[in-house]
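Raw contents of target_23.cif, mmCIF, C-alpha atoms:
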data_input
#
loop_
_atom_site.group_PDB
_atom_site.id
_atom_site.type_symbol
_atom_site.label_atom_id
_atom_site.label_comp_id
_atom_site.auth_asym_id
_atom_site.auth_seq_id
_atom_site.Cartn_x
_atom_site.Cartn_y
_atom_site.Cartn_z
ATOM 1 C CA MET A 1 21.341 11.198 -2.857
ATOM 2 C CA ARG A 2 21.733 9.109 0.298
ATOM 3 C CA LYS A 3 18.013 8.186 0.200
ATOM 4 C CA ILE A 4 18.330 7.049 -3.428
ATOM 5 C CA ILE A 5 21.335 4.849 -2.577
ATOM 6 C CA LEU A 6 19.561 3.341 0.459
ATOM 7 C CA SER A 7 16.406 2.754 -1.581
ATOM 8 C CA SER A 8 18.463 1.042 -4.293
ATOM 9 C CA ILE A 9 20.154 -1.199 -1.731
ATOM 10 C CA LEU A 10 16.824 -2.102 -0.117
ATOM 11 C CA LEU A 11 15.283 -2.825 -3.499
ATOM 12 C CA ALA A 12 18.244 -5.044 -4.440
ATOM 13 C CA VAL A 13 17.930 -7.026 -1.200
ATOM 14 C CA VAL A 14 14.186 -7.501 -1.680
ATOM 15 C CA LEU A 15 14.625 -8.535 -5.304
ATOM 16 C CA VAL A 16 17.138 -11.198 -4.291
ATOM 17 C CA SER A 17 14.904 -12.500 -1.473
ATOM 18 C CA CYS A 18 11.729 -12.873 -3.553
ATOM 19 C CA ASN A 19 10.918 -16.081 -5.362
ATOM 20 C CA GLN A 20 10.387 -15.249 -8.998
ATOM 21 C CA LYS A 21 7.787 -17.363 -10.748
ATOM 22 C CA ASN A 22 9.465 -17.077 -14.163
ATOM 23 C CA LYS A 23 13.159 -17.557 -13.506
ATOM 24 C CA GLU A 24 13.927 -17.817 -17.226
ATOM 25 C CA GLU A 25 12.882 -14.172 -17.607
ATOM 26 C CA GLN A 26 15.457 -12.897 -15.105
ATOM 27 C CA THR A 27 18.103 -10.597 -16.499
ATOM 28 C CA PRO A 28 21.691 -11.750 -16.080
ATOM 29 C CA ASN A 29 22.604 -8.644 -14.058
ATOM 30 C CA PRO A 30 20.106 -7.886 -11.239
ATOM 31 C CA GLU A 31 21.916 -4.645 -10.321
ATOM 32 C CA VAL A 32 21.139 -3.140 -13.735
ATOM 33 C CA GLU A 33 17.475 -4.170 -13.389
ATOM 34 C CA THR A 34 17.330 -2.604 -9.925
ATOM 35 C CA VAL A 35 18.567 0.785 -11.147
ATOM 36 C CA THR A 36 16.082 0.764 -14.023
ATOM 37 C CA LYS A 37 13.179 -0.159 -11.721
ATOM 38 C CA THR A 38 14.149 2.533 -9.220
ATOM 39 C CA GLU A 39 13.913 5.166 -11.952
ATOM 40 C CA GLU A 40 10.506 3.864 -13.090
ATOM 41 C CA THR A 41 9.072 3.333 -9.614
ATOM 42 C CA GLU A 42 6.305 5.624 -8.485
ATOM 43 C CA ALA A 43 7.679 6.665 -5.106
ATOM 44 C CA ALA A 44 5.354 6.301 -2.148
ATOM 45 C CA GLU A 45 4.647 9.438 -0.174
ATOM 46 C CA GLU A 46 7.042 9.796 2.735
ATOM 47 C CA ILE A 47 5.326 9.237 6.068
ATOM 48 C CA VAL A 48 6.541 11.608 8.772
ATOM 49 C CA PRO A 49 5.086 12.370 12.216
ATOM 50 C CA VAL A 50 2.280 14.942 12.172
ATOM 51 C CA SER A 51 1.321 17.398 14.904
ATOM 52 C CA ASP A 52 -1.011 16.416 17.738
ATOM 53 C CA ALA A 53 -3.441 19.126 16.597
ATOM 54 C CA VAL A 54 -3.759 17.564 13.141
ATOM 55 C CA LYS A 55 -4.147 14.082 14.656
ATOM 56 C CA ALA A 56 -6.863 15.388 16.976
ATOM 57 C CA SER A 57 -8.797 16.929 14.083
ATOM 58 C CA ILE A 58 -9.799 13.540 12.659
ATOM 59 C CA SER A 59 -9.624 9.868 13.587
ATOM 60 C CA THR A 60 -8.236 7.851 10.706
ATOM 61 C CA GLU A 61 -8.568 4.531 12.568
ATOM 62 C CA ALA A 62 -11.872 3.286 11.103
ATOM 63 C CA ILE A 63 -10.637 4.012 7.571
ATOM 64 C CA ILE A 64 -7.295 2.303 8.202
ATOM 65 C CA ASN A 65 -8.993 -0.711 9.816
ATOM 66 C CA GLY A 66 -11.238 -1.034 6.756
ATOM 67 C CA TYR A 67 -8.212 -0.892 4.476
ATOM 68 C CA LEU A 68 -6.392 -3.559 6.511
ATOM 69 C CA LYS A 69 -9.364 -5.927 6.125
ATOM 70 C CA ILE A 70 -9.130 -5.571 2.334
ATOM 71 C CA LYS A 71 -5.371 -6.118 2.468
ATOM 72 C CA ASN A 72 -5.708 -9.275 4.565
ATOM 73 C CA ALA A 73 -8.444 -10.708 2.328
ATOM 74 C CA LEU A 74 -6.253 -10.237 -0.750
ATOM 75 C CA ALA A 75 -3.199 -11.725 1.010
ATOM 76 C CA ASN A 76 -5.371 -14.773 1.782
ATOM 77 C CA ASP A 77 -6.583 -15.006 -1.859
ATOM 78 C CA LYS A 78 -10.196 -14.371 -0.752
ATOM 79 C CA SER A 79 -11.873 -12.237 -3.384
ATOM 80 C CA LYS A 80 -15.340 -12.409 -1.810
ATOM 81 C CA GLU A 81 -13.970 -11.231 1.561
ATOM 82 C CA ALA A 82 -12.151 -8.389 -0.219
ATOM 83 C CA THR A 83 -15.480 -7.382 -1.785
ATOM 84 C CA ALA A 84 -17.254 -7.320 1.590
ATOM 85 C CA ALA A 85 -14.351 -5.447 3.203
ATOM 86 C CA ALA A 86 -14.347 -2.883 0.374
ATOM 87 C CA ASN A 87 -18.057 -2.216 0.940
ATOM 88 C CA ASP A 88 -17.382 -1.767 4.677
ATOM 89 C CA PHE A 89 -14.450 0.520 3.853
ATOM 90 C CA GLU A 90 -16.689 2.851 1.843
ATOM 91 C CA LYS A 91 -19.106 3.045 4.792
ATOM 92 C CA ALA A 92 -16.231 3.803 7.198
ATOM 93 C CA VAL A 93 -15.015 6.681 5.020
ATOM 94 C CA SER A 94 -18.532 8.102 4.745
ATOM 95 C CA ALA A 95 -19.080 7.800 8.516
ATOM 96 C CA THR A 96 -15.812 9.513 9.494
ATOM 97 C CA ASN A 97 -16.335 12.967 10.980
ATOM 98 C CA SER A 98 -14.118 15.409 9.102
ATOM 99 C CA SER A 99 -15.721 18.634 10.368
ATOM 100 C CA LYS A 100 -12.774 19.578 12.609
ATOM 101 C CA ILE A 101 -10.110 19.342 9.910
ATOM 102 C CA ASP A 102 -8.116 22.535 9.398
ATOM 103 C CA SER A 103 -9.438 24.434 6.369
ATOM 104 C CA LYS A 104 -6.006 24.173 4.701
ATOM 105 C CA LEU A 105 -6.247 20.374 4.763
ATOM 106 C CA VAL A 106 -9.907 19.888 3.832
ATOM 107 C CA ASP A 107 -9.236 19.766 0.085
ATOM 108 C CA LYS A 108 -6.449 17.226 0.540
ATOM 109 C CA TYR A 109 -8.658 15.050 2.765
ATOM 110 C CA THR A 110 -11.486 15.195 0.217
ATOM 111 C CA THR A 111 -9.170 14.317 -2.671
ATOM 112 C CA ILE A 112 -7.676 11.354 -0.784
ATOM 113 C CA THR A 113 -10.969 9.942 0.473
ATOM 114 C CA GLU A 114 -12.845 10.371 -2.816
ATOM 115 C CA SER A 115 -10.104 8.462 -4.626
ATOM 116 C CA ALA A 116 -10.029 5.815 -1.873
ATOM 117 C CA LYS A 117 -13.811 5.327 -2.042
ATOM 118 C CA LYS A 118 -13.605 5.001 -5.829
ATOM 119 C CA GLN A 119 -10.911 2.305 -5.593
ATOM 120 C CA ALA A 120 -12.846 0.455 -2.886
ATOM 121 C CA GLY A 121 -15.931 0.602 -5.122
ATOM 122 C CA LEU A 122 -13.939 -0.911 -7.977
ATOM 123 C CA ILE A 123 -12.649 -3.676 -5.691
ATOM 124 C CA ALA A 124 -16.234 -4.394 -4.629
ATOM 125 C CA THR A 125 -17.588 -4.542 -8.184
ATOM 126 C CA ASN A 126 -14.859 -6.965 -9.278
ATOM 127 C CA ASP A 127 -15.876 -9.804 -6.988
ATOM 128 C CA GLY A 128 -14.224 -13.012 -8.166
ATOM 129 C CA LYS A 129 -11.622 -11.126 -10.234
ATOM 130 C CA ILE A 130 -8.762 -10.967 -7.748
ATOM 131 C CA VAL A 131 -6.172 -9.728 -10.274
ATOM 132 C CA GLN A 132 -8.293 -6.641 -10.946
ATOM 133 C CA GLN A 133 -9.025 -6.205 -7.240
ATOM 134 C CA ARG A 134 -5.291 -6.163 -6.541
ATOM 135 C CA MET A 135 -4.767 -3.566 -9.251
ATOM 136 C CA TYR A 136 -7.285 -1.230 -7.579
ATOM 137 C CA PHE A 137 -5.820 -2.071 -4.178
ATOM 138 C CA ALA A 138 -2.447 -0.663 -5.343
ATOM 139 C CA VAL A 139 -4.079 2.735 -5.935
ATOM 140 C CA LEU A 140 -6.012 2.458 -2.667
ATOM 141 C CA SER A 141 -2.713 1.798 -0.866
ATOM 142 C CA LYS A 142 -1.320 5.028 -2.286
ATOM 143 C CA ASP A 143 -4.386 6.878 -0.974
ATOM 144 C CA ILE A 144 -4.053 5.338 2.500
ATOM 145 C CA THR A 145 -0.350 6.197 2.576
ATOM 146 C CA SER A 146 -1.253 9.818 1.751
ATOM 147 C CA LEU A 147 -3.937 9.807 4.450
ATOM 148 C CA ILE A 148 -1.452 8.592 7.079
ATOM 149 C CA ALA A 149 1.266 10.983 5.859
ATOM 150 C CA THR A 150 -1.141 13.927 6.168
ATOM 151 C CA PHE A 151 -3.268 13.079 9.212
ATOM 152 C CA GLY A 152 -1.236 10.482 11.099
ATOM 153 C CA THR A 153 -2.428 7.433 13.004
ATOM 154 C CA SER A 154 -2.431 6.138 16.564
ATOM 155 C CA LYS A 155 -1.802 2.587 15.318
ATOM 156 C CA LYS A 156 1.606 0.963 14.970
ATOM 157 C CA LEU A 157 1.871 0.156 11.269
ATOM 158 C CA TYR A 158 4.435 -0.841 8.656
ATOM 159 C CA GLN A 159 4.942 0.347 5.102
ATOM 160 C CA ASP A 160 5.887 -2.603 2.883
ATOM 161 C CA TYR A 161 6.947 -2.939 -0.737
ATOM 162 C CA CYS A 162 6.992 -5.712 -3.343
ATOM 163 C CA PRO A 163 9.344 -4.997 -6.265
ATOM 164 C CA MET A 164 7.801 -7.808 -8.308
ATOM 165 C CA TYR A 165 4.320 -6.288 -8.552
ATOM 166 C CA ASN A 166 3.612 -4.257 -11.703
ATOM 167 C CA GLU A 167 7.337 -4.220 -12.528
ATOM 168 C CA GLY A 168 8.053 -2.498 -9.209
ATOM 169 C CA LYS A 169 6.050 0.601 -10.080
ATOM 170 C CA ASN A 170 3.449 0.619 -7.306
ATOM 171 C CA GLY A 171 3.737 -2.465 -5.113
ATOM 172 C CA TYR A 172 3.422 -0.622 -1.793
ATOM 173 C CA TRP A 173 1.028 -1.406 1.031
ATOM 174 C CA ILE A 174 0.414 -0.653 4.696
ATOM 175 C CA SER A 175 0.324 -3.499 7.223
ATOM 176 C CA GLU A 176 -0.449 -3.925 10.906
ATOM 177 C CA ILE A 177 2.066 -6.782 11.270
ATOM 178 C CA LYS A 178 5.824 -6.901 10.847
ATOM 179 C CA GLU A 179 5.704 -10.189 8.949
ATOM 180 C CA ILE A 180 5.404 -9.815 5.165
ATOM 181 C CA ARG A 181 2.076 -11.095 3.841
ATOM 182 C CA ASN A 182 1.919 -9.930 0.249
ATOM 183 C CA PRO A 183 -1.587 -8.817 -0.840
ATOM 184 C CA TYR A 184 -0.533 -8.581 -4.503
ATOM 185 C CA TYR A 185 0.375 -12.260 -4.916
ATOM 186 C CA GLY A 186 -1.185 -14.038 -1.943
ATOM 187 C CA SER A 187 -0.184 -17.683 -1.623
ATOM 188 C CA GLU A 188 1.754 -17.517 -4.906
ATOM 189 C CA MET A 189 4.486 -15.366 -3.301
ATOM 190 C CA LEU A 190 3.182 -14.583 0.189
ATOM 191 C CA THR A 191 6.492 -13.485 1.708
ATOM 192 C CA CYS A 192 7.812 -11.563 -1.302
ATOM 193 C CA GLY A 193 8.695 -8.021 -0.347
ATOM 194 C CA GLY A 194 10.231 -6.071 2.480
ATOM 195 C CA MET A 195 9.464 -3.459 5.078
ATOM 196 C CA ILE A 196 10.259 0.119 4.052
ATOM 197 C CA LYS A 197 9.332 1.858 7.272
ATOM 198 C CA GLU A 198 7.815 1.366 10.706
ATOM 199 C CA ILE A 199 5.058 3.906 11.361
ATOM 200 C CA LYS A 200 4.456 4.949 14.955
#
Encoded form using structure tokens:
Amino acid sequence: MRKIILSSILLAVVLVSCNQKNKEEQTPNPEVETVTKTEETEAAEEIVPVSDAVKASISTEAIINGYLKIKNALANDKSKEATAAANDFEKAVSATNSSKIDSKLVDKYTTITESAKKQAGLIATNDGKIVQQRMYFAVLSKDITSLIATFGTSKKLYQDYCPMYNEGKNGYWISEIKEIRNPYYGSEMLTCGGMIKEIK
């Protein structure tokens, strides 16, 4: 219950801080909208520290670095760079050695990385269509969050959220910087959103 209340408060603060492009569409009571969006929101997987043994079984760094390049290209409104980064991401996933992963986690790793490669492929094939690329990036962000939640990371990262994207349903992303640079809106609303969690 406490988590739901804190999430609602955070969402309310972020909603107030974002610049809405269509102010005439705002509801008169933002608190009511916040509660509704919280119920509809697809919650991101909770990221908790994982054991050293699990971390040692696979290095997630190349995959995460590839993801961050896509994120930064989209935040900078650069569709062509996002395409190139998505192609590199697919190569990084394929090149990652997963042979030491515990047998109980192999299926989860395969599910996550197959979905991530599919989304990266869709980003790559939609060169010049940044709205579609951002849509696939939202699913890719969910996959990367699951990867970090399951296998950890040695990088200092941040989990961010934009309540404006897709009506607040899946506007999560992972970032390497504390400053908000929104990959879903780029220059249109670059600082819209807030940090959910620091990942160490």
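If you count only C-alpha atoms and ignore residues fewer than 4 places along the chain from Pro49 in chain A, what sits within 12 Å of it is Ala53, Val54, Lys55, Ile148, Ala149, Thr150, Phe151, Gly152, Thr153, Ser154, Glu198, Ile199 and Lys200 of chain A.
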Selection from above, C-alpha atoms, as a PDB file, in the frame of the given file, can you write it?
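Dumped everything to result_21.pdb:
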ATOM      1  CA  ALA A  53      -3.441  19.126  16.597  1.00  0.00           C
ATOM      2  CA  VAL A  54      -3.759  17.564  13.141  1.00  0.00           C
ATOM      3  CA  LYS A  55      -4.147  14.082  14.656  1.00  0.00           C
ATOM      4  CA  ILE A 148      -1.452   8.592   7.079  1.00  0.00           C
ATOM      5  CA  ALA A 149       1.266  10.983   5.859  1.00  0.00           C
ATOM      6  CA  THR A 150      -1.141  13.927   6.168  1.00  0.00           C
ATOM      7  CA  PHE A 151      -3.268  13.079   9.212  1.00  0.00           C
ATOM      8  CA  GLY A 152      -1.236  10.482  11.099  1.00  0.00           C
ATOM      9  CA  THR A 153      -2.428   7.433  13.004  1.00  0.00           C
ATOM     10  CA  SER A 154      -2.431   6.138  16.564  1.00  0.00           C
ATOM     11  CA  GLU A 198       7.815   1.366  10.706  1.00  0.00           C
ATOM     12  CA  ILE A 199       5.058   3.906  11.361  1.00  0.00           C
ATOM     13  CA  LYS A 200       4.456   4.949  14.955  1.00  0.00           C
TER      14      LYS A 200
END
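In this structure, CA of Lys178 in chain A sits 29.0 Å away from CA of Lys108 in chain A.
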With the PyMOL selection byres ((chain A and resi 190-193) around 7) as the selection, what would be picked from this file? Answer as a PyMOL selection string, please. chain A and resi 14+18-19+160-163+180-182+185-189+194
Within 12 Å of Ser94 in chain A, counting all atoms listed in the file, which residues qualify if same-chain residues fewer than 2 places away don't, as a list in words? Thr60, Ala62, Ile63, Gly66, Asn87, Asp88, Phe89, Glu90, Lys91, Ala92, Thr96, Asn97, Ser98, Thr110, Thr113, Glu114, Ala116 and Lys117 of chain A
Written as a list in words, what is the full residue list that the PyMOL selection byres ((chain A and resi 70) around 8) yields on the file shown? Gly66, Tyr67, Leu68, Lys69, Lys71, Asn72, Ala73, Leu74, Glu81, Ala82, Thr83, Ala85 and Ala86 of chain A
Excluding same-chain residues fewer than 3 positions from Thr145 in chain A, what lies within 9 Å of it counting only C-alpha atoms, as JSON, numbers by chain? {"A": [44, 45, 46, 47, 140, 141, 142, 148, 149, 150, 159, 172, 173, 174]}
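Checking A:Ser103, A:Ser115, A:Asn65, A:Asn170 one by one against Leu157 in chain A, counting all atoms listed in the file, you find the shortest gap at A:Asn65.
Interatomic distance, CA of Lys80 in chain A against CA of Asp127 in chain A: 5.8 Å.
Close contacts of Lys100 in chain A, defined as residues with an atom at most 9 Å away when counting only C-alpha atoms, with chain neighbours fewer than 6 positions off set aside, comprise A:Ala56, A:Ser57, A:Ile58.
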Supply range 53-86 of chain A as a CSV table (one decimal), in the frame of the given file, with N, CA and C atoms built in where the input has gaps.
chain,number,residue,atom,x,y,z
A,53,ALA,N,-2.2,18.4,17.0
A,53,ALA,CA,-3.4,19.1,16.6
A,53,ALA,C,-4.1,18.5,15.3
A,54,VAL,N,-3.2,18.2,14.4
A,54,VAL,CA,-3.8,17.6,13.1
A,54,VAL,C,-4.3,16.2,13.5
A,55,LYS,N,-3.6,15.4,14.3
A,55,LYS,CA,-4.1,14.1,14.7
A,55,LYS,C,-5.5,14.2,15.4
A,56,ALA,N,-5.6,15.2,16.2
A,56,ALA,CA,-6.9,15.4,17.0
A,56,ALA,C,-8.0,15.8,16.1
A,57,SER,N,-7.7,16.4,14.9
A,57,SER,CA,-8.8,16.9,14.1
A,57,SER,C,-9.6,15.8,13.4
A,58,ILE,N,-9.1,14.7,13.3
A,58,ILE,CA,-9.8,13.5,12.7
A,58,ILE,C,-9.2,12.2,13.1
A,59,SER,N,-10.1,11.2,13.3
A,59,SER,CA,-9.6,9.9,13.6
A,59,SER,C,-9.6,9.1,12.3
A,60,THR,N,-8.4,8.6,11.9
A,60,THR,CA,-8.2,7.9,10.7
A,60,THR,C,-8.4,6.3,11.0
A,61,GLU,N,-8.6,6.0,12.2
A,61,GLU,CA,-8.6,4.5,12.6
A,61,GLU,C,-9.6,3.7,11.9
A,62,ALA,N,-10.8,4.1,11.8
A,62,ALA,CA,-11.9,3.3,11.1
A,62,ALA,C,-11.5,3.1,9.6
A,63,ILE,N,-11.0,4.1,9.0
A,63,ILE,CA,-10.6,4.0,7.6
A,63,ILE,C,-9.5,3.0,7.4
A,64,ILE,N,-8.5,3.2,8.3
A,64,ILE,CA,-7.3,2.3,8.2
A,64,ILE,C,-7.7,0.9,8.5
A,65,ASN,N,-8.5,0.7,9.5
A,65,ASN,CA,-9.0,-0.7,9.8
A,65,ASN,C,-9.7,-1.3,8.6
A,66,GLY,N,-10.5,-0.5,7.9
A,66,GLY,CA,-11.2,-1.0,6.8
A,66,GLY,C,-10.3,-1.4,5.7
A,67,TYR,N,-9.3,-0.6,5.5
A,67,TYR,CA,-8.2,-0.9,4.5
A,67,TYR,C,-7.5,-2.2,4.8
A,68,LEU,N,-7.1,-2.4,6.1
A,68,LEU,CA,-6.4,-3.6,6.5
A,68,LEU,C,-7.2,-4.8,6.3
A,69,LYS,N,-8.5,-4.8,6.4
A,69,LYS,CA,-9.4,-5.9,6.1
A,69,LYS,C,-9.3,-6.3,4.6
A,70,ILE,N,-9.3,-5.3,3.8
A,70,ILE,CA,-9.1,-5.6,2.3
A,70,ILE,C,-7.8,-6.2,2.1
A,71,LYS,N,-6.7,-5.6,2.6
A,71,LYS,CA,-5.4,-6.1,2.5
A,71,LYS,C,-5.3,-7.6,2.9
A,72,ASN,N,-5.8,-7.9,4.1
A,72,ASN,CA,-5.7,-9.3,4.6
A,72,ASN,C,-6.5,-10.3,3.7
A,73,ALA,N,-7.7,-9.8,3.2
A,73,ALA,CA,-8.4,-10.7,2.3
A,73,ALA,C,-7.7,-11.0,1.0
A,74,LEU,N,-7.0,-10.0,0.5
A,74,LEU,CA,-6.3,-10.2,-0.8
A,74,LEU,C,-5.0,-11.1,-0.5
A,75,ALA,N,-4.4,-10.9,0.7
A,75,ALA,CA,-3.2,-11.7,1.0
A,75,ALA,C,-3.6,-13.2,1.2
A,76,ASN,N,-4.9,-13.4,1.6
A,76,ASN,CA,-5.4,-14.8,1.8
A,76,ASN,C,-6.1,-15.3,0.5
A,77,ASP,N,-6.0,-14.6,-0.6
A,77,ASP,CA,-6.6,-15.0,-1.9
A,77,ASP,C,-8.1,-15.1,-1.8
A,78,LYS,N,-8.7,-14.3,-1.0
A,78,LYS,CA,-10.2,-14.4,-0.8
A,78,LYS,C,-10.9,-13.2,-1.4
A,79,SER,N,-11.3,-13.3,-2.6
A,79,SER,CA,-11.9,-12.2,-3.4
A,79,SER,C,-13.2,-11.8,-2.8
A,80,LYS,N,-14.0,-12.7,-2.4
A,80,LYS,CA,-15.3,-12.4,-1.8
A,80,LYS,C,-15.2,-11.6,-0.5
A,81,GLU,N,-14.2,-12.0,0.3
A,81,GLU,CA,-14.0,-11.2,1.6
A,81,GLU,C,-13.5,-9.8,1.2
A,82,ALA,N,-12.6,-9.7,0.2
A,82,ALA,CA,-12.2,-8.4,-0.2
A,82,ALA,C,-13.3,-7.5,-0.7
A,83,THR,N,-14.3,-8.1,-1.3
A,83,THR,CA,-15.5,-7.4,-1.8
A,83,THR,C,-16.3,-6.9,-0.6
A,84,ALA,N,-16.5,-7.7,0.4
A,84,ALA,CA,-17.3,-7.3,1.6
A,84,ALA,C,-16.5,-6.2,2.4
A,85,ALA,N,-15.2,-6.4,2.5
A,85,ALA,CA,-14.4,-5.4,3.2
A,85,ALA,C,-14.3,-4.1,2.5
A,86,ALA,N,-14.3,-4.1,1.2
A,86,ALA,CA,-14.3,-2.9,0.4
A,86,ALA,C,-15.7,-2.1,0.6
